[in-house]
>>> print(open('coords-v7.cif').read())   # mmCIF, C-alpha atoms
data_data
#
loop_
_atom_site.label_atom_id
_atom_site.label_comp_id
_atom_site.auth_asym_id
_atom_site.auth_seq_id
_atom_site.Cartn_x
_atom_site.Cartn_y
_atom_site.Cartn_z
CA MET A 11 68.03 134.58 118.40
CA ARG A 12 70.77 137.23 118.64
CA GLN A 13 71.05 139.63 115.70
CA ALA A 14 74.57 138.44 114.94
CA ASP A 15 73.32 134.85 114.73
CA SER A 16 70.42 135.91 112.53
CA ASP A 17 72.79 137.72 110.19
CA GLN A 18 75.00 134.64 110.05
CA LEU A 19 72.01 132.47 109.14
CA GLU A 20 71.10 134.84 106.30
CA THR A 21 74.67 134.60 105.02
CA ILE A 22 74.51 130.81 105.19
CA ASN A 23 71.27 130.84 103.21
CA ALA A 24 72.82 133.07 100.55
CA ASP A 25 75.79 130.70 100.35
CA LEU A 26 73.46 127.73 99.87
CA VAL A 27 71.91 129.55 96.92
CA GLU A 28 75.41 130.14 95.57
CA VAL A 29 76.19 126.43 95.85
CA THR A 30 73.12 125.61 93.75
CA ARG A 31 74.52 127.93 91.10
CA LEU A 32 77.91 126.23 91.27
CA VAL A 33 76.62 122.67 91.07
CA GLY A 34 74.21 123.67 88.32
CA SER A 35 77.07 125.11 86.29
CA ALA A 36 79.12 121.98 86.99
CA MET A 37 76.46 119.60 85.71
CA ASN A 38 75.74 121.78 82.70
CA ARG A 39 79.41 121.77 81.69
CA ALA A 40 79.82 118.09 82.54
CA THR A 41 76.94 117.26 80.20
CA GLN A 42 78.53 119.32 77.44
CA ALA A 43 81.87 117.56 78.03
CA LEU A 44 80.10 114.20 77.91
CA LEU A 45 78.27 114.84 74.66
CA ASP A 46 81.18 116.56 72.90
CA ALA A 47 84.03 114.40 74.24
CA ASP A 48 85.57 117.67 75.45
CA LEU A 49 88.55 116.67 77.60
CA GLN A 50 89.53 120.20 78.59
CA LEU A 51 86.02 120.98 79.79
CA ALA A 52 85.79 117.68 81.68
CA GLU A 53 89.06 118.46 83.46
CA ALA A 54 87.76 121.91 84.37
CA VAL A 55 84.63 120.44 85.95
CA ILE A 56 86.70 117.95 87.94
CA ASP A 57 89.01 120.67 89.25
CA PHE A 58 86.05 122.96 89.97
CA ASP A 59 84.55 120.52 92.46
CA ALA A 60 87.09 121.61 95.07
CA LYS A 61 85.40 125.03 95.15
CA VAL A 62 82.06 123.41 95.94
CA ASP A 63 83.66 121.30 98.68
CA ILE A 64 85.26 124.34 100.30
CA LEU A 65 82.05 126.35 100.35
CA THR A 66 79.87 123.51 101.65
CA ALA A 67 82.44 122.72 104.35
CA SER A 68 82.34 126.37 105.40
CA ILE A 69 78.54 126.31 105.59
CA GLU A 70 78.53 123.20 107.76
CA GLU A 71 81.21 124.62 110.07
CA ARG A 72 79.23 127.82 110.61
CA CYS A 73 76.08 125.81 111.29
CA PHE A 74 77.94 123.79 113.92
CA GLU A 75 79.14 127.01 115.52
CA LEU A 76 75.58 128.36 115.73
CA VAL A 77 74.34 125.13 117.29
CA ALA A 78 77.21 125.20 119.81
CA LEU A 79 76.20 128.68 120.96
CA LYS A 80 72.88 127.22 122.20
CA THR A 81 71.08 130.48 121.50
CA SER A 82 68.82 129.14 118.78
CA THR A 83 65.44 127.51 119.31
CA GLY A 84 62.33 126.62 117.32
CA ALA A 85 62.27 127.80 113.71
CA ASP A 86 65.82 129.15 113.84
CA LEU A 87 67.22 125.83 115.04
CA ARG A 88 65.25 124.05 112.29
CA SER A 89 66.81 126.40 109.78
CA ILE A 90 70.34 125.77 111.04
CA LEU A 91 70.00 122.00 111.08
CA GLY A 92 68.20 122.04 107.73
CA SER A 93 70.97 124.15 106.23
CA MET A 94 73.54 121.57 107.32
CA LYS A 95 71.58 118.81 105.60
CA MET A 96 71.05 120.90 102.47
CA SER A 97 74.74 121.66 102.27
CA SER A 98 75.51 117.95 102.37
CA SER A 99 73.03 117.19 99.57
CA LEU A 100 74.34 120.02 97.42
CA GLU A 101 77.91 118.86 97.93
CA ARG A 102 76.85 115.43 96.72
CA MET A 103 75.26 117.00 93.64
CA GLY A 104 78.62 118.56 92.86
CA ASP A 105 80.24 115.14 93.23
CA LEU A 106 77.76 113.64 90.78
CA ALA A 107 78.55 116.30 88.19
CA GLU A 108 82.22 115.47 88.73
CA HIS A 109 81.44 111.77 88.15
CA VAL A 110 79.87 112.62 84.78
CA ALA A 111 82.96 114.62 83.84
CA LYS A 112 85.26 111.80 84.93
CA GLN A 113 83.34 109.38 82.74
CA ALA A 114 83.78 111.74 79.79
CA ARG A 115 87.49 111.95 80.55
CA MET A 116 87.89 108.20 80.88
CA ARG A 117 86.41 107.52 77.42
CA HIS A 118 88.15 110.39 75.64
CA PRO A 119 88.73 110.74 72.72
CA LYS A 120 85.59 108.65 72.20
CA VAL A 121 82.19 110.04 73.09
CA ALA A 122 81.15 108.15 76.21
CA VAL A 123 77.55 107.57 75.10
CA PRO A 124 76.35 106.05 71.79
CA GLN A 125 74.58 108.23 69.27
CA GLU A 126 71.29 106.43 69.96
CA VAL A 127 71.07 107.81 73.51
CA ARG A 128 72.76 111.19 73.12
CA GLY A 129 69.40 112.93 72.88
CA THR A 130 68.25 111.35 76.11
CA PHE A 131 71.36 112.51 77.97
CA ALA A 132 70.95 115.99 76.53
CA GLU A 133 67.40 115.98 77.90
CA MET A 134 68.65 114.76 81.30
CA GLY A 135 71.16 117.58 81.34
CA GLY A 136 68.39 120.07 80.63
CA LEU A 137 66.28 118.63 83.42
CA ALA A 138 69.22 118.79 85.82
CA GLU A 139 69.66 122.46 84.99
CA ALA A 140 65.96 123.19 85.49
CA ILE A 141 65.73 121.34 88.77
CA VAL A 142 68.79 122.96 90.34
CA ASN A 143 67.71 126.44 89.24
CA LYS A 144 64.33 125.88 90.84
CA THR A 145 66.00 124.52 93.97
CA GLY A 146 68.07 127.68 94.29
CA SER A 147 64.91 129.77 93.99
CA VAL A 148 63.18 127.75 96.70
CA ILE A 149 66.11 128.25 99.08
CA ALA A 150 66.32 131.96 98.31
CA THR A 151 62.61 132.80 98.52
CA LYS A 152 61.26 130.04 100.79
CA ASP A 153 58.39 129.77 98.30
CA VAL A 154 57.60 126.09 98.82
CA SER A 155 54.94 126.11 96.10
CA MET A 156 57.83 125.69 93.65
CA CYS A 157 58.62 122.31 95.19
CA ALA A 158 55.86 120.82 93.04
CA ASP A 159 57.84 121.80 89.93
CA ILE A 160 60.95 120.16 91.36
CA ALA A 161 59.00 116.97 92.01
CA ARG A 162 57.71 116.96 88.42
CA HIS A 163 61.22 117.42 87.04
CA ASP A 164 62.36 114.54 89.23
CA GLU A 165 59.60 112.32 87.85
CA ASP A 166 60.71 113.20 84.31
CA MET A 167 64.29 112.32 85.22
CA ASP A 168 63.16 108.98 86.67
CA ARG A 169 61.27 108.26 83.46
CA LEU A 170 64.34 108.90 81.32
CA HIS A 171 66.43 106.77 83.67
CA ARG A 172 64.00 103.87 83.20
CA GLU A 173 63.94 104.38 79.43
CA LEU A 174 67.72 104.08 79.26
CA PHE A 175 67.62 100.85 81.23
CA THR A 176 65.09 99.49 78.76
CA ILE A 177 67.28 100.48 75.84
CA VAL A 178 70.50 98.88 77.11
CA LEU A 179 68.69 95.68 78.10
CA SER A 180 66.96 95.38 74.75
CA PRO A 181 68.05 92.58 72.38
CA SER A 182 68.54 95.28 69.76
CA TRP A 183 71.34 96.95 71.78
CA LYS A 184 74.37 96.77 69.50
CA TYR A 185 77.05 98.72 71.32
CA GLY A 186 78.43 96.11 73.70
CA VAL A 187 78.71 95.58 77.44
CA GLU A 188 81.16 98.40 78.16
CA GLU A 189 78.90 100.97 76.55
CA ALA A 190 75.87 99.55 78.38
CA ILE A 191 77.68 99.94 81.71
CA ASP A 192 78.67 103.51 80.84
CA VAL A 193 75.10 104.45 79.98
CA THR A 194 73.74 102.82 83.13
CA LEU A 195 76.24 104.55 85.42
CA LEU A 196 75.78 107.94 83.81
CA SER A 197 72.01 107.66 83.94
CA ARG A 198 72.28 106.84 87.63
CA PHE A 199 74.37 109.96 88.24
CA TYR A 200 71.68 112.21 86.74
CA GLU A 201 68.88 110.39 88.56
CA ARG A 202 70.68 110.75 91.93
CA TYR A 203 71.40 114.43 91.19
CA ALA A 204 67.69 115.08 90.85
CA ASP A 205 66.90 113.09 93.99
CA HIS A 206 69.29 115.20 96.05
CA ALA A 207 67.61 118.34 94.72
CA VAL A 208 64.26 116.96 95.88
CA SER A 209 65.80 116.28 99.29
CA VAL A 210 66.94 119.90 99.51
CA SER A 211 63.48 121.18 98.61
CA LYS A 212 61.92 119.00 101.30
CA ARG A 213 64.32 120.44 103.86
CA VAL A 214 63.06 123.91 102.95
CA VAL A 215 59.48 122.73 103.45
CA THR A 216 60.39 121.55 106.96
CA ILE A 217 62.10 124.87 107.73
CA VAL A 218 59.13 126.91 106.52
CA THR A 219 56.23 124.83 107.81
CA GLY A 220 57.66 122.83 110.67
CA GLU A 221 56.29 119.66 109.11
CA PRO A 222 58.43 116.52 109.60
CA TYR A 223 60.98 115.85 106.91
CA VAL A 224 59.98 112.98 104.62
CA ALA A 225 63.19 111.36 103.48
CA VAL A 226 64.04 110.75 99.84
CA SER A 227 65.45 107.29 99.21
CA LEU A 228 69.10 108.01 98.51
CA VAL A 229 71.94 105.56 98.17
CA ASN A 230 74.64 108.11 97.30
#
>>> encode(input="coords-v7.cif", output="structure tokens")
Amino acid sequence: MRQADSDQLETINADLVEVTRLVGSAMNRATQALLDADLQLAEAVIDFDAKVDILTASIEERCFELVALKTSTGADLRSILGSMKMSSSLERMGDLAEHVAKQARMRHPKVAVPQEVRGTFAEMGGLAEAIVNKTGSVIATKDVSMCADIARHDEDMDRLHRELFTIVLSPSWKYGVEEAIDVTLLSRFYERYADHAVSVSKRVVTIVTGEPYVAVSLVN
């Protein structure tokens, strides 16, 4: 691989790490907006998503350019193609944070989630922050041993997602259908956010080891 191409790939990798920081900040602030019914903060998260879109589009364009040069083979080509896929997943994580913020905006001035489940959503927000921080570290260092932590965080997120389903389907649920739909949708956004982070970590494993990528089941 030419030195110029190698330098470009390093820049792309650094930008991927930056995107993890951006989508982590977005979800952190979206969670705060959700729990506090903070309209101004929700609007800021929604507007901020354009920055994520611009950066991920730039990453994908540069990856396409490197592929078009036909100078990359083997591990370098894996890294380029993997970076394209990671950029797409990270962009989707930004979208999911935006969805949370939009839900907070839609229900303002009410808090979008009932008091009974606020603690669960706070925990999901904390898990989202942990998983995206770890994902950024994996991209930056290529230390795939950290992928086990990401998988554990994802399992915890799945557990909370299931718990919320159980709560809203319980006969004791007293908040109505609209609130049940809100909780279900929001829970799904956090669960998908974690799944995309797992997908990113698995792309890094493929880049580092050459092992085939094992897809995460993703609908969004």
>>> resolve_selection(input="coords-v7.cif", expression="the PyMOL selection byres ((chain A and resi 95) around 12)", output="PyMOL selection string")
chain A and resi 26+66-67+69-70+73-74+88-94+96-102+206-207+209-214+216-217+223+225
>>> resolve_selection(input="coords-v7.cif", expression="the PyMOL selection byres ((chain A and resi 107) around 9)", output="number ranges by chain")
A: 33-34, 36-41, 55-56, 59, 102-106, 108-112, 199-200, 203
>>> closest_atom_pairs(input="coords-v7.cif", of="region 29-59 of chain A", to="region 130-134 of chain A", cutoff="9 Å", atoms="all atoms listed in the file", output="Markdown table")
| residue | atom | partner | partner_atom | distance |
| --- | --- | --- | --- | --- |
| A:Thr41 | CA | A:Ala132 | CA | 7.1 |
| A:Gln42 | CA | A:Ala132 | CA | 8.3 |
| A:Leu44 | CA | A:Phe131 | CA | 8.9 |
| A:Leu45 | CA | A:Ala132 | CA | 7.6 |
>>> write_last_selection(input="coords-v7.cif", atoms="C-alpha atoms", output="JSON list (two decimals), keeping the file's coordinate frame")
[["chain", "number", "residue", "atom", "x", "y", "z"],
["A", 41, "THR", "CA", 76.94, 117.26, 80.20],
["A", 42, "GLN", "CA", 78.53, 119.32, 77.44],
["A", 44, "LEU", "CA", 80.10, 114.20, 77.91],
["A", 45, "LEU", "CA", 78.27, 114.84, 74.66]]
>>> residues_around(input="coords-v7.cif", residues="Tyr185 (chain A)", least_positions_apart="6", cutoff="10 Å", atoms="all atoms listed in the file", output="number ranges by chain")
A: 123-124, 126, 178
>>> resolve_selection(input="coords-v7.cif", expression="the PyMOL selection byres ((chain A and resi 155) around 12)", output="NGL selection string")
:A and (144-145 or 147-149 or 151-154 or 156-161 or 211-212 or 214-215 or 218-219)
